[in-house]
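> Right, I'll just put the structure down here and ask away after.
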Amino acid sequence: MSTSLSQMLDRTFGHPRGLLGRFGGLAMAHGNAATELRVVELASLESGETVLVVGPGPGVGLRAAAETAGRAIGVDPSPEMLSRARRRCGDEVDLRQGTADSTGEPDESVDVVLTVNNVQLWEDRPAGFTELFRVLRPGGRLLLSSYEKWLPVSRHELADEAAAAGFTDLQTWTWDPPGFGASLAAQLRAIKPRT
């Protein structure tokens, strides 16, 4: 991939900013909505739980999580996306700059981690999985979804990386989101052991 194309994709989807970032936010809100809502549903959130959404983008899934969870937190590296998420979610959520490998959360402080179409943007996936394992309480769960065609490795290799970070009870599957032109989503569920 050429450097200019890589920079354009980063400004649109990786670290959205400017006109391209605004376009990326609209595309994410529309294109990811069904998958984000599906992942929130699969998480089976409870009212007393704390959920961390990594890369909430414009906040569709974050808002859905906040409607059920006791506390919802979103971390995103893009000020543009944090601003969009703030407009969508209001004061119902905690938002701050962060990434999968640098969430700013204390040890064992969240019950659930959700991330949609974000893992392919992680600069260091093993460090991301290690960080998410650290912030989850024992028995906590990770749910991850990404368009399969954009993954840098197979969903099974992602599961192996999560297992290397300490996660257990790993499950992977694919899901065909509704809508014209939607791409097959690779999904993963993992648990932080209680012991």
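Residues in the structure tokens are named by chain (A, B, ... in the order shown) and by number from 1 within that chain; ligands are numbered from 1 in the order shown.
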Find the spatial neighbours of range 122-132 of chain A, counting only C-alpha atoms, within a cut-off of 6 Å - ignore same-chain residues fewer than 6 positions away - and output them as a list in words.
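Answer for this query is Ala100, Asp101, Ala162 and Ala165 of chain A.
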> What's around Gly90 in chain A at 12 Å? Count only C-alpha atoms, leave out sequence neighbours fewer than 3 positions away in its own chain, and write the answer as a PDB file with N, CA, C and O atoms, in the first residue's frame.

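Just written: result.pdb:
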```pdb
ATOM      1  N   PRO A  58     -18.148   6.955  16.308  1.00  0.00           N
ATOM      2  CA  PRO A  58     -19.199   7.936  16.582  1.00  0.00           C
ATOM      3  C   PRO A  58     -20.168   7.536  17.690  1.00  0.00           C
ATOM      4  O   PRO A  58     -21.111   8.256  17.958  1.00  0.00           O
ATOM      5  N   GLY A  59     -19.952   6.403  18.343  1.00  0.00           N
ATOM      6  CA  GLY A  59     -20.677   6.093  19.566  1.00  0.00           C
ATOM      7  C   GLY A  59     -21.956   5.296  19.463  1.00  0.00           C
ATOM      8  O   GLY A  59     -22.704   5.204  20.435  1.00  0.00           O
ATOM      9  N   LEU A  62     -21.528   2.309  21.809  1.00  0.00           N
ATOM     10  CA  LEU A  62     -21.314   2.850  23.150  1.00  0.00           C
ATOM     11  C   LEU A  62     -22.636   3.311  23.753  1.00  0.00           C
ATOM     12  O   LEU A  62     -22.924   3.042  24.916  1.00  0.00           O
ATOM     13  N   ARG A  63     -23.435   3.981  22.963  1.00  0.00           N
ATOM     14  CA  ARG A  63     -24.737   4.434  23.458  1.00  0.00           C
ATOM     15  C   ARG A  63     -25.633   3.252  23.807  1.00  0.00           C
ATOM     16  O   ARG A  63     -26.307   3.246  24.842  1.00  0.00           O
ATOM     17  N   ALA A  66     -24.477   1.815  27.040  1.00  0.00           N
ATOM     18  CA  ALA A  66     -24.799   2.695  28.172  1.00  0.00           C
ATOM     19  C   ALA A  66     -26.252   2.564  28.600  1.00  0.00           C
ATOM     20  O   ALA A  66     -26.582   2.814  29.766  1.00  0.00           O
ATOM     21  N   GLU A  67     -27.119   2.175  27.690  1.00  0.00           N
ATOM     22  CA  GLU A  67     -28.535   2.033  28.027  1.00  0.00           C
ATOM     23  C   GLU A  67     -28.792   0.867  28.964  1.00  0.00           C
ATOM     24  O   GLU A  67     -29.820   0.821  29.628  1.00  0.00           O
ATOM     25  N   ALA A  72     -20.549   3.048  31.320  1.00  0.00           N
ATOM     26  CA  ALA A  72     -19.977   2.814  29.995  1.00  0.00           C
ATOM     27  C   ALA A  72     -18.837   3.795  29.766  1.00  0.00           C
ATOM     28  O   ALA A  72     -18.972   4.986  30.018  1.00  0.00           O
ATOM     29  N   LEU A  82     -14.220  11.163  19.430  1.00  0.00           N
ATOM     30  CA  LEU A  82     -14.672  11.412  20.804  1.00  0.00           C
ATOM     31  C   LEU A  82     -15.734  12.510  20.822  1.00  0.00           C
ATOM     32  O   LEU A  82     -16.726  12.415  21.555  1.00  0.00           O
ATOM     33  N   SER A  83     -15.562  13.526  20.001  1.00  0.00           N
ATOM     34  CA  SER A  83     -16.543  14.597  19.911  1.00  0.00           C
ATOM     35  C   SER A  83     -17.876  14.072  19.366  1.00  0.00           C
ATOM     36  O   SER A  83     -18.949  14.408  19.874  1.00  0.00           O
ATOM     37  N   ARG A  84     -17.822  13.228  18.339  1.00  0.00           N
ATOM     38  CA  ARG A  84     -19.046  12.648  17.768  1.00  0.00           C
ATOM     39  C   ARG A  84     -19.739  11.741  18.786  1.00  0.00           C
ATOM     40  O   ARG A  84     -20.965  11.760  18.912  1.00  0.00           O
ATOM     41  N   ALA A  85     -18.943  10.944  19.482  1.00  0.00           N
ATOM     42  CA  ALA A  85     -19.519  10.052  20.496  1.00  0.00           C
ATOM     43  C   ALA A  85     -20.154  10.869  21.620  1.00  0.00           C
ATOM     44  O   ALA A  85     -21.227  10.516  22.122  1.00  0.00           O
ATOM     45  N   ARG A  86     -19.528  11.967  22.004  1.00  0.00           N
ATOM     46  CA  ARG A  86     -20.080  12.834  23.050  1.00  0.00           C
ATOM     47  C   ARG A  86     -21.437  13.399  22.605  1.00  0.00           C
ATOM     48  O   ARG A  86     -22.389  13.455  23.371  1.00  0.00           O
ATOM     49  N   ARG A  87     -21.520  13.829  21.349  1.00  0.00           N
ATOM     50  CA  ARG A  87     -22.802  14.352  20.843  1.00  0.00           C
ATOM     51  C   ARG A  87     -23.885  13.268  20.849  1.00  0.00           C
ATOM     52  O   ARG A  87     -25.034  13.544  21.155  1.00  0.00           O
ATOM     53  N   VAL A  93     -21.914   8.620  29.352  1.00  0.00           N
ATOM     54  CA  VAL A  93     -20.711   7.807  29.203  1.00  0.00           C
ATOM     55  C   VAL A  93     -19.478   8.605  29.620  1.00  0.00           C
ATOM     56  O   VAL A  93     -19.496   9.828  29.655  1.00  0.00           O
ATOM     57  N   ASP A  94     -18.416   7.873  29.918  1.00  0.00           N
ATOM     58  CA  ASP A  94     -17.102   8.482  30.150  1.00  0.00           C
ATOM     59  C   ASP A  94     -16.296   8.289  28.879  1.00  0.00           C
ATOM     60  O   ASP A  94     -16.205   7.171  28.365  1.00  0.00           O
ATOM     61  N   LEU A  95     -15.727   9.368  28.358  1.00  0.00           N
ATOM     62  CA  LEU A  95     -14.942   9.309  27.128  1.00  0.00           C
ATOM     63  C   LEU A  95     -13.561   9.894  27.359  1.00  0.00           C
ATOM     64  O   LEU A  95     -13.430  10.896  28.074  1.00  0.00           O
TER      65      LEU A  95
END
```
> When you look at Pro77 in chain A with a cut-off of 8 Å (counting only C-alpha atoms), what residues show up, excluding the ones that are within fewer than 2 positions of it in the same chain? I need them as a list in words.
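Final neighbour list, sorted by chain and number: His15, Gly55, Val75, Pro79, Gln97, Gly98 and Thr99 of chain A.
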> Could you give me the residues within chain A that DSSP places in helix (DSSP H, G or I), as a VMD selection string?
chain A and resid 3 to 14 18 to 31 33 to 43 60 to 66 79 to 92 119 to 121 125 to 135 148 to 150 155 to 164
> Neighbours of range 115-118 of chain A within 10 Å (only C-alpha atoms; same-chain residues fewer than 3 positions away dropped), as a PDB file with C-alpha atoms, in the first residue's frame?

```pdb
ATOM      1  CA  PHE A  13     -10.677   5.541   9.854  1.00  0.00           C
ATOM      2  CA  GLY A  14      -7.571   5.006  12.012  1.00  0.00           C
ATOM      3  CA  MET A  28     -18.665   4.108  10.546  1.00  0.00           C
ATOM      4  CA  ASN A  32     -20.926  -0.504  11.667  1.00  0.00           C
ATOM      5  CA  ALA A  33     -24.276   0.111  13.388  1.00  0.00           C
ATOM      6  CA  THR A  35     -22.566  -5.075  14.024  1.00  0.00           C
ATOM      7  CA  GLU A  36     -22.134  -2.814  17.038  1.00  0.00           C
ATOM      8  CA  LEU A  37     -25.706  -3.434  18.174  1.00  0.00           C
ATOM      9  CA  VAL A  39     -22.039  -7.206  19.750  1.00  0.00           C
ATOM     10  CA  VAL A  40     -23.790  -5.290  22.547  1.00  0.00           C
ATOM     11  CA  LEU A  52     -15.294  -0.485  28.117  1.00  0.00           C
ATOM     12  CA  VAL A  53     -15.709   0.168  24.390  1.00  0.00           C
ATOM     13  CA  VAL A  54     -12.395   0.359  22.555  1.00  0.00           C
ATOM     14  CA  GLY A  55     -12.645   2.512  19.443  1.00  0.00           C
ATOM     15  CA  PRO A  56     -16.288   3.584  19.805  1.00  0.00           C
ATOM     16  CA  GLY A  57     -16.015   5.857  16.772  1.00  0.00           C
ATOM     17  CA  GLY A  61     -22.460   0.784  20.186  1.00  0.00           C
ATOM     18  CA  LEU A  62     -21.314   2.850  23.150  1.00  0.00           C
ATOM     19  CA  GLY A  74     -15.186   4.757  25.553  1.00  0.00           C
ATOM     20  CA  ASP A  76     -10.588   6.332  21.110  1.00  0.00           C
ATOM     21  CA  THR A  99      -6.148   2.822  22.562  1.00  0.00           C
ATOM     22  CA  ALA A 100      -6.443  -0.911  23.102  1.00  0.00           C
ATOM     23  CA  LEU A 121      -5.931  -0.644  13.598  1.00  0.00           C
ATOM     24  CA  TRP A 122      -4.077  -1.735  16.739  1.00  0.00           C
ATOM     25  CA  LEU A 142     -14.127  -9.636  25.721  1.00  0.00           C
ATOM     26  CA  LEU A 143     -16.226  -9.439  22.564  1.00  0.00           C
ATOM     27  CA  LEU A 144     -14.487  -8.427  19.377  1.00  0.00           C
ATOM     28  CA  SER A 145     -15.787  -8.092  15.836  1.00  0.00           C
ATOM     29  CA  SER A 146     -14.084  -6.989  12.644  1.00  0.00           C
ATOM     30  CA  TYR A 147     -14.729  -7.268   8.935  1.00  0.00           C
ATOM     31  CA  GLU A 148     -12.932 -10.462   8.074  1.00  0.00           C
ATOM     32  CA  TRP A 150      -9.665  -6.275   6.837  1.00  0.00           C
ATOM     33  CA  LEU A 151      -8.095  -8.526   9.452  1.00  0.00           C
ATOM     34  CA  ALA A 185     -17.668 -10.127  10.216  1.00  0.00           C
ATOM     35  CA  ALA A 186     -15.229 -12.277  12.162  1.00  0.00           C
ATOM     36  CA  GLN A 187     -16.208 -12.346  15.817  1.00  0.00           C
TER      37      GLN A 187
END
```
> Could you check how far CA of Val112 in chain A sits from CA of Arg137 in chain A, in Å to one decimal?
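According to the coordinates, CA of Val112 in chain A and CA of Arg137 in chain A are separated by 8.4 Å.
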> Work out how far apart CA of Leu136 in chain A and CA of Trp175 in chain A are and give it in Å to one decimal.
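CA of Trp175 in chain A lies at a distance of 25.2 Å from CA of Leu136 in chain A.
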> Among range 20-105 of chain A, which ones does DSSP assign to strand (DSSP E or B) (computed from the backbone)? Answer as JSON, numbers by chain.
{"A": [50, 51, 52, 53, 54, 71, 72, 73, 74, 75, 76, 94, 95, 96, 97, 99, 102]}
> Kindly export the residues of the current selection with all heavy atoms, as a compact mmCIF listing (two decimals), in the first residue's frame.

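Output contents, as saved in result_14.txt:
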```
# COMPACT_ATOMS: atom_id res chain seq x y z
N THR A 50 -19.71 -2.66 34.39
CA THR A 50 -18.96 -1.59 33.73
C THR A 50 -18.46 -2.14 32.41
O THR A 50 -17.85 -3.21 32.36
CB THR A 50 -17.77 -1.14 34.59
OG1 THR A 50 -18.28 -0.61 35.82
CG2 THR A 50 -16.94 -0.09 33.89
N VAL A 51 -18.73 -1.41 31.32
CA VAL A 51 -18.31 -1.83 29.99
C VAL A 51 -17.34 -0.81 29.42
O VAL A 51 -17.53 0.39 29.58
CB VAL A 51 -19.52 -2.05 29.06
CG1 VAL A 51 -20.31 -0.79 28.86
CG2 VAL A 51 -19.09 -2.61 27.72
N LEU A 52 -16.28 -1.32 28.80
CA LEU A 52 -15.29 -0.48 28.12
C LEU A 52 -15.42 -0.75 26.62
O LEU A 52 -15.32 -1.91 26.19
CB LEU A 52 -13.88 -0.85 28.60
CG LEU A 52 -12.72 -0.22 27.83
CD1 LEU A 52 -12.70 1.30 27.98
CD2 LEU A 52 -11.39 -0.83 28.28
N VAL A 53 -15.64 0.29 25.84
CA VAL A 53 -15.71 0.17 24.39
C VAL A 53 -14.43 0.77 23.82
O VAL A 53 -14.16 1.96 24.00
CB VAL A 53 -16.96 0.87 23.82
CG1 VAL A 53 -16.99 0.74 22.30
CG2 VAL A 53 -18.24 0.29 24.44
N VAL A 54 -13.66 -0.07 23.16
CA VAL A 54 -12.39 0.36 22.55
C VAL A 54 -12.67 0.75 21.11
O VAL A 54 -13.15 -0.06 20.32
CB VAL A 54 -11.34 -0.77 22.63
CG1 VAL A 54 -10.06 -0.34 21.92
CG2 VAL A 54 -11.06 -1.15 24.07
N ARG A 71 -22.17 1.41 33.97
CA ARG A 71 -21.22 2.46 33.58
C ARG A 71 -20.64 2.09 32.23
O ARG A 71 -20.28 0.93 32.00
CB ARG A 71 -20.11 2.57 34.61
CG ARG A 71 -19.07 3.63 34.29
CD ARG A 71 -18.06 3.80 35.42
NE ARG A 71 -17.07 4.79 35.04
CZ ARG A 71 -15.76 4.63 35.19
NH1 ARG A 71 -15.28 3.55 35.75
NH2 ARG A 71 -14.93 5.58 34.82
N ALA A 72 -20.55 3.05 31.32
CA ALA A 72 -19.98 2.81 30.00
C ALA A 72 -18.84 3.80 29.77
O ALA A 72 -18.97 4.99 30.02
CB ALA A 72 -21.03 2.96 28.91
N ILE A 73 -17.71 3.26 29.28
CA ILE A 73 -16.50 4.04 29.03
C ILE A 73 -16.09 3.82 27.59
O ILE A 73 -16.11 2.68 27.10
CB ILE A 73 -15.35 3.56 29.95
CG1 ILE A 73 -15.77 3.59 31.42
CG2 ILE A 73 -14.09 4.37 29.71
CD1 ILE A 73 -14.98 2.64 32.29
N GLY A 74 -15.70 4.88 26.91
CA GLY A 74 -15.19 4.76 25.55
C GLY A 74 -13.81 5.35 25.46
O GLY A 74 -13.57 6.45 25.97
N VAL A 75 -12.88 4.63 24.84
CA VAL A 75 -11.54 5.16 24.57
C VAL A 75 -11.29 5.11 23.07
O VAL A 75 -11.56 4.11 22.42
CB VAL A 75 -10.42 4.41 25.34
CG1 VAL A 75 -10.58 4.60 26.84
CG2 VAL A 75 -10.38 2.94 25.00
N ASP A 76 -10.83 6.22 22.54
CA ASP A 76 -10.59 6.33 21.11
C ASP A 76 -9.40 7.29 20.93
O ASP A 76 -9.31 8.27 21.66
CB ASP A 76 -11.83 6.90 20.42
CG ASP A 76 -11.85 6.62 18.92
OD1 ASP A 76 -10.98 7.13 18.20
OD2 ASP A 76 -12.75 5.87 18.49
N ASP A 94 -18.42 7.87 29.92
CA ASP A 94 -17.10 8.48 30.15
C ASP A 94 -16.30 8.29 28.88
O ASP A 94 -16.20 7.17 28.37
CB ASP A 94 -16.37 7.79 31.31
CG ASP A 94 -17.09 7.97 32.64
OD1 ASP A 94 -17.68 9.03 32.85
OD2 ASP A 94 -17.05 7.03 33.45
N LEU A 95 -15.73 9.37 28.36
CA LEU A 95 -14.94 9.31 27.13
C LEU A 95 -13.56 9.89 27.36
O LEU A 95 -13.43 10.90 28.07
CB LEU A 95 -15.63 10.10 26.01
CG LEU A 95 -16.89 9.49 25.42
CD1 LEU A 95 -17.67 10.52 24.64
CD2 LEU A 95 -16.52 8.31 24.54
N ARG A 96 -12.55 9.27 26.74
CA ARG A 96 -11.20 9.82 26.80
C ARG A 96 -10.37 9.24 25.68
O ARG A 96 -10.69 8.21 25.12
CB ARG A 96 -10.56 9.55 28.15
CG ARG A 96 -10.23 8.12 28.40
CD ARG A 96 -9.41 7.97 29.69
NE ARG A 96 -9.52 6.61 30.18
CZ ARG A 96 -10.48 6.15 30.94
NH1 ARG A 96 -11.45 6.94 31.32
NH2 ARG A 96 -10.50 4.90 31.34
N GLN A 97 -9.28 9.94 25.39
CA GLN A 97 -8.35 9.43 24.39
C GLN A 97 -7.65 8.21 24.93
O GLN A 97 -7.28 8.16 26.11
CB GLN A 97 -7.33 10.50 24.00
CG GLN A 97 -7.87 11.46 22.97
CD GLN A 97 -6.79 12.33 22.38
OE1 GLN A 97 -6.36 13.27 23.02
NE2 GLN A 97 -6.36 12.00 21.17
N THR A 99 -6.22 3.89 23.56
CA THR A 99 -6.15 2.82 22.56
C THR A 99 -6.28 1.49 23.28
O THR A 99 -6.30 1.43 24.51
CB THR A 99 -4.80 2.87 21.82
OG1 THR A 99 -3.75 2.71 22.78
CG2 THR A 99 -4.62 4.17 21.05
N SER A 102 -3.49 1.06 25.63
CA SER A 102 -3.34 2.14 26.61
C SER A 102 -4.71 2.73 26.91
O SER A 102 -5.06 3.80 26.43
CB SER A 102 -2.39 3.21 26.07
OG SER A 102 -2.20 4.23 27.03
```
> May I ask for the distance between CA of Val153 in chain A and CA of Pro177 in chain A, given in Å to one decimal place?
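Value for the CA of Val153 in chain A-CA of Pro177 in chain A distance: 20.4 Å.
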